[in-house]
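Asker: This is the content of query35.pdb (PDB, C-alpha atoms):
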ATOM      1  CA  MET A  30     153.609 230.701   7.811  1.00  0.00           C
ATOM      2  CA  THR A  31     155.776 233.203   5.963  1.00  0.00           C
ATOM      3  CA  LYS A  32     156.821 232.188   2.448  1.00  0.00           C
ATOM      4  CA  VAL A  33     160.429 233.085   1.572  1.00  0.00           C
ATOM      5  CA  LEU A  34     161.948 232.801  -1.894  1.00  0.00           C
ATOM      6  CA  PHE A  35     165.705 232.646  -2.434  1.00  0.00           C
ATOM      7  CA  LEU A  36     166.794 233.496  -5.982  1.00  0.00           C
ATOM      8  CA  LEU A  37     170.368 232.343  -6.454  1.00  0.00           C
ATOM      9  CA  LYS A  38     172.447 234.097  -9.102  1.00  0.00           C
ATOM     10  CA  GLN A  39     175.701 232.420  -8.066  1.00  0.00           C
ATOM     11  CA  GLU A  40     176.886 229.448  -6.051  1.00  0.00           C
ATOM     12  CA  PRO A  41     175.810 230.039  -2.449  1.00  0.00           C
ATOM     13  CA  ASP A  42     178.734 230.341  -0.058  1.00  0.00           C
ATOM     14  CA  LYS A  43     178.723 228.894   3.456  1.00  0.00           C
ATOM     15  CA  THR A  44     176.999 231.987   4.862  1.00  0.00           C
ATOM     16  CA  ALA A  45     174.187 231.770   2.309  1.00  0.00           C
ATOM     17  CA  GLN A  46     173.747 228.050   2.930  1.00  0.00           C
ATOM     18  CA  THR A  47     173.501 228.675   6.678  1.00  0.00           C
ATOM     19  CA  ILE A  48     170.959 231.463   6.200  1.00  0.00           C
ATOM     20  CA  ILE A  49     168.829 229.252   3.942  1.00  0.00           C
ATOM     21  CA  GLU A  50     168.930 226.358   6.427  1.00  0.00           C
ATOM     22  CA  VAL A  51     167.955 228.603   9.354  1.00  0.00           C
ATOM     23  CA  GLN A  52     165.133 230.167   7.323  1.00  0.00           C
ATOM     24  CA  LYS A  53     163.806 226.663   6.550  1.00  0.00           C
ATOM     25  CA  THR A  54     163.148 226.205  10.275  1.00  0.00           C
ATOM     26  CA  LEU A  55     161.250 229.502  10.456  1.00  0.00           C
ATOM     27  CA  ALA A  56     159.400 229.749   7.141  1.00  0.00           C
ATOM     28  CA  ASP A  57     158.225 227.965   4.022  1.00  0.00           C
ATOM     29  CA  VAL A  58     161.363 228.335   1.872  1.00  0.00           C
ATOM     30  CA  THR A  59     161.729 227.913  -1.883  1.00  0.00           C
ATOM     31  CA  VAL A  60     165.162 228.091  -3.531  1.00  0.00           C
ATOM     32  CA  ILE A  61     165.489 228.749  -7.264  1.00  0.00           C
ATOM     33  CA  ASP A  62     168.898 228.688  -8.949  1.00  0.00           C
ATOM     34  CA  MET A  63     168.606 231.281 -11.712  1.00  0.00           C
ATOM     35  CA  ARG A  64     171.725 229.884 -13.418  1.00  0.00           C
ATOM     36  CA  THR A  65     169.987 226.623 -14.276  1.00  0.00           C
ATOM     37  CA  ASP A  66     166.249 227.218 -13.873  1.00  0.00           C
ATOM     38  CA  LYS A  67     164.952 229.276 -16.789  1.00  0.00           C
ATOM     39  CA  ASP A  68     161.218 228.534 -16.281  1.00  0.00           C
ATOM     40  CA  TYR A  69     160.245 232.181 -15.971  1.00  0.00           C
ATOM     41  CA  ASP A  70     156.510 231.484 -15.589  1.00  0.00           C
ATOM     42  CA  LYS A  71     157.299 229.383 -12.502  1.00  0.00           C
ATOM     43  CA  ILE A  72     159.741 231.997 -11.193  1.00  0.00           C
ATOM     44  CA  ILE A  73     157.217 234.841 -11.549  1.00  0.00           C
ATOM     45  CA  GLY A  74     154.571 232.686  -9.862  1.00  0.00           C
ATOM     46  CA  GLU A  75     156.900 232.077  -6.914  1.00  0.00           C
ATOM     47  CA  VAL A  76     157.761 235.792  -6.698  1.00  0.00           C
ATOM     48  CA  VAL A  77     154.076 236.746  -6.583  1.00  0.00           C
ATOM     49  CA  ALA A  78     153.266 234.056  -3.998  1.00  0.00           C
ATOM     50  CA  SER A  79     156.177 234.905  -1.672  1.00  0.00           C
ATOM     51  CA  ASP A  80     156.145 237.247   1.312  1.00  0.00           C
ATOM     52  CA  LYS A  81     159.917 237.844   1.127  1.00  0.00           C
ATOM     53  CA  ILE A  82     162.390 237.514  -1.734  1.00  0.00           C
ATOM     54  CA  ILE A  83     166.117 237.274  -1.161  1.00  0.00           C
ATOM     55  CA  THR A  84     168.672 237.263  -3.967  1.00  0.00           C
ATOM     56  CA  TRP A  85     172.160 235.904  -3.583  1.00  0.00           C
TER      57      TRP A  85
END
Produce structure tokens that represent the structure in this file.

Answerer:
Amino acid sequence: MTKVLFLLKQEPDKTAQTIIEVQKTLADVTVIDMRTDKDYDKIIGEVVASDKIITW
């Protein structure tokens, strides 16, 4: 299964929320809110492990 990482830099709008929910049915999705999650070791690990990275 494809692993998708969403890196949020702002509050996701309705479009972003819909895209994330649809992707969850198609792939293994991880969402990291960069405004509150500052664990950079974890973030880099997720980036390396992901097939696709989407920023919002």

Asker: Could you tell me which of A:Ile82, A:Ile49, A:Leu55, A:Asp70 comes closest to A:Leu36 if we count all atoms listed in the file?

Answerer: A:Ile82

Asker: Would you compute the distance between atom CA of A:Met30 and atom CA of A:Asp42? Give it in Å to one decimal.

Answerer: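 Between atom CA of A:Met30 and atom CA of A:Asp42 the gap is 26.3 Å.
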
Asker: Residues picked by the PyMOL selection byres ((chain A and resi 78) around 12) here, as a CSV table (one decimal) with C-alpha atoms, in the frame of the given file?

Answerer:
chain,number,residue,atom,x,y,z
A,31,THR,CA,155.8,233.2,6.0
A,32,LYS,CA,156.8,232.2,2.4
A,33,VAL,CA,160.4,233.1,1.6
A,34,LEU,CA,161.9,232.8,-1.9
A,57,ASP,CA,158.2,228.0,4.0
A,58,VAL,CA,161.4,228.3,1.9
A,59,THR,CA,161.7,227.9,-1.9
A,71,LYS,CA,157.3,229.4,-12.5
A,72,ILE,CA,159.7,232.0,-11.2
A,73,ILE,CA,157.2,234.8,-11.5
A,74,GLY,CA,154.6,232.7,-9.9
A,75,GLU,CA,156.9,232.1,-6.9
A,76,VAL,CA,157.8,235.8,-6.7
A,77,VAL,CA,154.1,236.7,-6.6
A,79,SER,CA,156.2,234.9,-1.7
A,80,ASP,CA,156.1,237.2,1.3
A,81,LYS,CA,159.9,237.8,1.1
A,82,ILE,CA,162.4,237.5,-1.7

Asker: For atom CA of A:Pro41 and atom CA of A:Asp66, quote the distance in Å rounded to one decimal.

Answerer: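 Interatomic distance, atom CA of A:Pro41 to atom CA of A:Asp66: 15.2 Å.
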
Asker: Taking all atoms of stretch 32-43 of chain A that the file lists and extending 8 Å past them on each side, where is the centre of the axis-aligned box and how long are its edges? Answer in Å to one decimal, as AutoDock Vina command-line options.

Answerer:
--center_x 167.8 --center_y 231.5 --center_z -2.8 --size_x 37.9 --size_y 21.2 --size_z 28.6

Asker: Have a look at atom CA of A:Arg64 and atom CA of A:Thr44 and let me know their distance in Å, one decimal.

Answerer: 19.1 Å

Asker: Need to verify the contact set: A:Met63, 8 Å, all atoms listed in the file, exclusion of same-chain residues closer than 2 positions in sequence. Can you return it as an NGL selection string?

Answerer: :A and (36-38 or 61 or 65-67)
